$ cat target.tsv   # TSV, C-alpha atoms
chain	number	residue	atom	x	y	z
A	1	ILE	CA	-50.66	-50.99	-129.73
A	2	VAL	CA	-49.89	-47.30	-130.28
A	3	PHE	CA	-48.68	-46.94	-126.69
A	4	ALA	CA	-46.57	-50.10	-127.01
A	5	LEU	CA	-44.96	-48.82	-130.22
A	6	LEU	CA	-44.27	-45.39	-128.73
A	7	LEU	CA	-42.80	-46.97	-125.60
A	8	THR	CA	-40.59	-49.19	-127.76
A	9	LEU	CA	-39.47	-46.26	-129.91
A	10	ALA	CA	-38.64	-44.19	-126.83
A	11	ALA	CA	-36.74	-47.12	-125.29
A	12	ILE	CA	-34.67	-47.61	-128.43
A	13	ILE	CA	-33.94	-43.93	-129.04
A	14	THR	CA	-32.88	-43.23	-125.46
A	15	LYS	CA	-30.58	-46.27	-125.30
A	16	VAL	CA	-28.96	-45.45	-128.65
A	17	ILE	CA	-28.41	-41.79	-127.75
A	18	GLY	CA	-27.11	-42.65	-124.29
A	19	GLY	CA	-24.76	-45.34	-125.57
A	20	GLN	CA	-23.55	-43.17	-128.41
A	21	ALA	CA	-22.98	-40.17	-126.15
A	22	GLY	CA	-21.03	-42.25	-123.64
A	23	ALA	CA	-18.87	-43.76	-126.37
A	24	TYR	CA	-18.23	-40.34	-127.92
A	25	LEU	CA	-17.29	-38.83	-124.56
A	26	GLY	CA	-14.93	-41.78	-124.14
A	27	GLY	CA	-13.12	-40.77	-127.32
A	28	LEU	CA	-14.74	-43.10	-129.85
A	29	SER	CA	-16.09	-42.03	-133.23
A	30	LEU	CA	-19.78	-41.24	-133.66
A	31	ARG	CA	-20.17	-44.27	-135.92
A	32	LYS	CA	-18.56	-46.61	-133.40
A	33	GLY	CA	-20.72	-44.98	-130.73
A	34	LEU	CA	-23.81	-45.70	-132.81
A	35	ILE	CA	-22.89	-49.38	-133.01
A	36	ILE	CA	-22.33	-49.42	-129.25
A	37	GLY	CA	-25.60	-47.57	-128.64
A	38	VAL	CA	-27.58	-50.07	-130.71
A	39	GLY	CA	-25.84	-52.86	-128.81
A	40	MET	CA	-27.11	-51.34	-125.55
A	41	VAL	CA	-30.77	-51.48	-126.63
A	42	PRO	CA	-31.82	-54.96	-125.37
A	43	ARG	CA	-33.82	-54.66	-122.17
A	44	GLY	CA	-35.04	-58.25	-121.89
A	45	GLU	CA	-35.63	-60.00	-118.63
A	46	VAL	CA	-34.84	-57.12	-116.29
A	47	GLY	CA	-37.54	-54.94	-117.85
A	48	LEU	CA	-39.99	-57.80	-117.78
A	49	ILE	CA	-39.25	-58.53	-114.11
A	50	VAL	CA	-39.71	-54.88	-113.16
A	51	ALA	CA	-42.99	-54.71	-115.12
A	52	GLY	CA	-44.13	-57.96	-113.48
A	53	ILE	CA	-43.43	-56.58	-110.01
A	54	GLY	CA	-45.26	-53.37	-110.90
A	55	ARG	CA	-48.28	-55.38	-112.04
A	56	GLN	CA	-48.14	-57.63	-108.96
A	57	TRP	CA	-48.10	-54.60	-106.66
A	58	HIS	CA	-50.93	-53.00	-108.70
A	59	LEU	CA	-48.70	-50.10	-109.75
A	60	ILE	CA	-49.41	-50.76	-113.42
A	61	ASP	CA	-52.39	-52.34	-115.12
A	62	ASP	CA	-52.46	-55.20	-117.62
A	63	ALA	CA	-52.34	-52.84	-120.62
A	64	VAL	CA	-49.12	-51.18	-119.43
A	65	PHE	CA	-47.65	-54.58	-118.57
A	66	SER	CA	-48.49	-55.87	-122.05
A	67	ALA	CA	-46.91	-52.79	-123.64
A	68	SER	CA	-43.80	-53.31	-121.51
A	69	ALA	CA	-43.60	-56.97	-122.48
A	70	PHE	CA	-43.97	-55.99	-126.16
A	71	MET	CA	-41.19	-53.41	-125.75
A	72	CYS	CA	-38.92	-55.98	-124.08
A	73	LEU	CA	-39.52	-58.46	-126.89
A	74	LEU	CA	-38.83	-55.97	-129.69
A	75	THR	CA	-35.76	-54.55	-127.99
A	76	ILE	CA	-34.35	-58.08	-127.80
A	77	LEU	CA	-35.13	-59.01	-131.42
A	78	LEU	CA	-34.32	-55.81	-133.35
A	79	PRO	CA	-30.77	-54.81	-132.29
A	80	PRO	CA	-28.96	-57.76	-133.91
A	81	LEU	CA	-30.53	-56.81	-137.26
A	82	PHE	CA	-29.48	-53.18	-136.91
A	83	ILE	CA	-25.98	-54.07	-135.71
A	84	LYS	CA	-25.55	-56.31	-138.75
A	85	LEU	CA	-26.65	-53.44	-141.01
A	86	LEU	CA	-24.36	-50.94	-139.27
A	87	ILE	CA	-21.37	-53.28	-139.55
A	88	LYS	CA	-22.04	-53.65	-143.29
A	89	LEU	CA	-22.28	-49.86	-143.63
A	90	TYR	CA	-19.22	-49.09	-141.47
A	91	PRO	CA	-16.84	-52.09	-141.57
A	92	GLU	CA	-13.87	-49.84	-140.83
A	93	GLU	CA	-15.26	-49.19	-137.34
A	94	LEU	CA	-14.53	-52.77	-136.35
A	95	GLU	CA	-10.81	-52.31	-136.84
A	96	GLY	CA	-8.75	-51.25	-133.85
$ encode --input "target.tsv" --output "structure tokens"
Amino acid sequence: IVFALLLTLAAIITKVIGGQAGAYLGGLSLRKGLIIGVGMVPRGEVGLIVAGIGRQWHLIDDAVFSASAFMCLLTILLPPLFIKLLIKLYPEELEG
């Protein structure tokens, strides 16, 4: 479970930073970039398919596959909650 949580944390942090950096470089505010970055977090079915192929080809074991499936599930379920919170905190970022 520790590996699964660390994998999930790394997946979320890297997506948020990457999305925020791209938005900022595109001329958006850091707050708007944060909302975009959180919106980029879901990894869903693509991550699960890649993990499934890795397990099928014996590139990863069942523990790593389970951690990947856990990460995919959390990264699908958590972003809507955080986006809702960010929109409440920064409603002005939705304008224009």
$ closest_residue --input "target.tsv" --among "A:Thr8, A:Gln20, A:Ser68, A:Thr14" --to "Glu45 (chain A)" --atoms "only C-alpha atoms"
A:Ser68
$ closest_residue --input "target.tsv" --among "A:Gly52, A:Gly26, A:Pro42, A:Pro91" --to "Met71 (chain A)" --atoms "only C-alpha atoms"
A:Pro42
$ closest_residue --input "target.tsv" --among "A:Leu85, A:Ala69, A:Ala4, A:Ile36" --to "Gly18 (chain A)" --atoms "all atoms listed in the file"
A:Ile36
$ atom_distance --input "target.tsv" --atom1 "CA of Glu92 (chain A)" --atom2 "CA of Leu77 (chain A)"
25.0 Å
$ closest_residue --input "target.tsv" --among "A:Ala23, A:Leu73, A:Ile60, A:Ile53" --to "Ala11 (chain A)" --atoms "all atoms listed in the file"
A:Leu73
$ closest_residue --input "target.tsv" --among "A:Lys15, A:Leu25, A:Phe70, A:Pro80" --to "Gly44 (chain A)" --atoms "all atoms listed in the file"
A:Phe70
$ atom_distance --input "target.tsv" --atom1 "CA of Leu78 (chain A)" --atom2 "CA of Gly54 (chain A)"
25.1 Å
$ atom_distance --input "target.tsv" --atom1 "CA of Phe3 (chain A)" --atom2 "CA of Leu34 (chain A)"
25.6 Å
$ residues_near_point --input "target.tsv" --point "(-21.8, -53.2, -138.4)" --cutoff "12 Å" --atoms "only C-alpha atoms" --output "VMD selection string"
chain A and resid 31 to 39 79 to 95
$ write_last_selection --input "target.tsv" --atoms "C-alpha atoms" --output "PDB file, keeping the file's coordinate frame"
ATOM      1  CA  ARG A  31     -20.170 -44.270-135.920  1.00  0.00           C
ATOM      2  CA  LYS A  32     -18.560 -46.610-133.400  1.00  0.00           C
ATOM      3  CA  GLY A  33     -20.720 -44.980-130.730  1.00  0.00           C
ATOM      4  CA  LEU A  34     -23.810 -45.700-132.810  1.00  0.00           C
ATOM      5  CA  ILE A  35     -22.890 -49.380-133.010  1.00  0.00           C
ATOM      6  CA  ILE A  36     -22.330 -49.420-129.250  1.00  0.00           C
ATOM      7  CA  GLY A  37     -25.600 -47.570-128.640  1.00  0.00           C
ATOM      8  CA  VAL A  38     -27.580 -50.070-130.710  1.00  0.00           C
ATOM      9  CA  GLY A  39     -25.840 -52.860-128.810  1.00  0.00           C
ATOM     10  CA  PRO A  79     -30.770 -54.810-132.290  1.00  0.00           C
ATOM     11  CA  PRO A  80     -28.960 -57.760-133.910  1.00  0.00           C
ATOM     12  CA  LEU A  81     -30.530 -56.810-137.260  1.00  0.00           C
ATOM     13  CA  PHE A  82     -29.480 -53.180-136.910  1.00  0.00           C
ATOM     14  CA  ILE A  83     -25.980 -54.070-135.710  1.00  0.00           C
ATOM     15  CA  LYS A  84     -25.550 -56.310-138.750  1.00  0.00           C
ATOM     16  CA  LEU A  85     -26.650 -53.440-141.010  1.00  0.00           C
ATOM     17  CA  LEU A  86     -24.360 -50.940-139.270  1.00  0.00           C
ATOM     18  CA  ILE A  87     -21.370 -53.280-139.550  1.00  0.00           C
ATOM     19  CA  LYS A  88     -22.040 -53.650-143.290  1.00  0.00           C
ATOM     20  CA  LEU A  89     -22.280 -49.860-143.630  1.00  0.00           C
ATOM     21  CA  TYR A  90     -19.220 -49.090-141.470  1.00  0.00           C
ATOM     22  CA  PRO A  91     -16.840 -52.090-141.570  1.00  0.00           C
ATOM     23  CA  GLU A  92     -13.870 -49.840-140.830  1.00  0.00           C
ATOM     24  CA  GLU A  93     -15.260 -49.190-137.340  1.00  0.00           C
ATOM     25  CA  LEU A  94     -14.530 -52.770-136.350  1.00  0.00           C
ATOM     26  CA  GLU A  95     -10.810 -52.310-136.840  1.00  0.00           C
TER      27      GLU A  95
END
$ closest_residue --input "target.tsv" --among "A:Val41, A:Ile76, A:Ala51, A:Ala63" --to "Ile1 (chain A)" --atoms "all atoms listed in the file"
A:Ala63
$ axis_aligned_box --input "target.tsv" --around "region 17-33 of chain A" --padding-each-side "3 Å" --output "AutoDock Vina command-line options"
--center_x -20.8 --center_y -42.7 --center_z -129.8 --size_x 21.3 --size_y 13.8 --size_z 18.3
$ residues_around --input "target.tsv" --residues "Arg43 (chain A)" --least-positions-apart "3" --cutoff "8 Å" --atoms "all atoms listed in the file" --output "MDAnalysis selection string"
chainID A and resid 46:47 72 75:76
$ decode --input "target.tsv" --residues "region 8-21 of chain A" --atoms "all heavy atoms" --output "short mmCIF file (atom, residue, chain, number, x, y, z; two decimals), in the first residue's frame"
data_model
loop_
_atom_site.label_atom_id
_atom_site.label_comp_id
_atom_site.auth_asym_id
_atom_site.auth_seq_id
_atom_site.Cartn_x
_atom_site.Cartn_y
_atom_site.Cartn_z
N THR A 8 0.82 7.02 -6.54
CA THR A 8 -0.31 7.92 -6.76
C THR A 8 0.09 9.37 -6.49
O THR A 8 -0.23 10.26 -7.29
CB THR A 8 -1.49 7.51 -5.87
OG1 THR A 8 -1.84 6.16 -6.15
CG2 THR A 8 -2.68 8.42 -6.08
N LEU A 9 0.81 9.60 -5.41
CA LEU A 9 1.27 10.95 -5.09
C LEU A 9 2.18 11.50 -6.18
O LEU A 9 2.03 12.64 -6.62
CB LEU A 9 1.99 10.95 -3.74
CG LEU A 9 2.40 12.30 -3.19
CD1 LEU A 9 1.18 13.18 -2.94
CD2 LEU A 9 3.19 12.12 -1.90
N ALA A 10 3.10 10.67 -6.65
CA ALA A 10 4.00 11.10 -7.72
C ALA A 10 3.22 11.38 -9.00
O ALA A 10 3.50 12.37 -9.70
CB ALA A 10 5.07 10.03 -7.98
N ALA A 11 2.24 10.56 -9.31
CA ALA A 11 1.42 10.75 -10.52
C ALA A 11 0.66 12.07 -10.44
O ALA A 11 0.60 12.82 -11.42
CB ALA A 11 0.45 9.58 -10.69
N ILE A 12 0.10 12.36 -9.29
CA ILE A 12 -0.67 13.59 -9.13
C ILE A 12 0.24 14.82 -9.19
O ILE A 12 -0.04 15.77 -9.92
CB ILE A 12 -1.48 13.55 -7.82
CG1 ILE A 12 -2.60 12.50 -7.93
CG2 ILE A 12 -2.05 14.93 -7.48
CD1 ILE A 12 -3.33 12.22 -6.63
N ILE A 13 1.32 14.79 -8.45
CA ILE A 13 2.23 15.94 -8.40
C ILE A 13 2.80 16.26 -9.78
O ILE A 13 2.83 17.42 -10.20
CB ILE A 13 3.34 15.73 -7.36
CG1 ILE A 13 2.75 15.79 -5.95
CG2 ILE A 13 4.46 16.75 -7.52
CD1 ILE A 13 3.71 15.37 -4.86
N THR A 14 3.24 15.24 -10.49
CA THR A 14 3.86 15.50 -11.80
C THR A 14 2.84 16.03 -12.81
O THR A 14 3.18 16.91 -13.61
CB THR A 14 4.54 14.24 -12.36
OG1 THR A 14 3.61 13.15 -12.42
CG2 THR A 14 5.73 13.84 -11.50
N LYS A 15 1.61 15.53 -12.77
CA LYS A 15 0.59 16.03 -13.69
C LYS A 15 0.21 17.48 -13.34
O LYS A 15 0.04 18.30 -14.25
CB LYS A 15 -0.66 15.17 -13.65
CG LYS A 15 -0.60 13.97 -14.53
CD LYS A 15 -0.75 14.37 -16.00
CE LYS A 15 -0.99 13.13 -16.82
NZ LYS A 15 -1.77 13.33 -17.99
N VAL A 16 0.07 17.78 -12.06
CA VAL A 16 -0.29 19.14 -11.66
C VAL A 16 0.81 20.11 -12.05
O VAL A 16 0.54 21.17 -12.65
CB VAL A 16 -0.60 19.22 -10.15
CG1 VAL A 16 -0.72 20.66 -9.69
CG2 VAL A 16 -1.88 18.46 -9.83
N ILE A 17 2.05 19.77 -11.75
CA ILE A 17 3.17 20.67 -12.08
C ILE A 17 3.29 20.84 -13.59
O ILE A 17 3.47 21.96 -14.08
CB ILE A 17 4.48 20.15 -11.46
CG1 ILE A 17 4.44 20.31 -9.95
CG2 ILE A 17 5.68 20.90 -12.04
CD1 ILE A 17 5.60 19.66 -9.22
N GLY A 18 3.19 19.75 -14.33
CA GLY A 18 3.29 19.84 -15.79
C GLY A 18 2.17 20.65 -16.40
O GLY A 18 2.40 21.50 -17.27
N GLY A 19 0.95 20.44 -15.95
CA GLY A 19 -0.20 21.19 -16.45
C GLY A 19 -0.11 22.66 -16.08
O GLY A 19 -0.40 23.54 -16.90
N GLN A 20 0.31 22.91 -14.86
CA GLN A 20 0.43 24.29 -14.40
C GLN A 20 1.55 25.01 -15.14
O GLN A 20 1.39 26.16 -15.55
CB GLN A 20 0.67 24.33 -12.90
CG GLN A 20 0.61 25.74 -12.33
CD GLN A 20 0.72 25.78 -10.83
OE1 GLN A 20 1.28 24.87 -10.22
NE2 GLN A 20 0.21 26.82 -10.23
N ALA A 21 2.66 24.35 -15.34
CA ALA A 21 3.78 24.97 -16.06
C ALA A 21 3.39 25.29 -17.50
O ALA A 21 3.69 26.38 -18.00
CB ALA A 21 5.00 24.05 -16.02
#
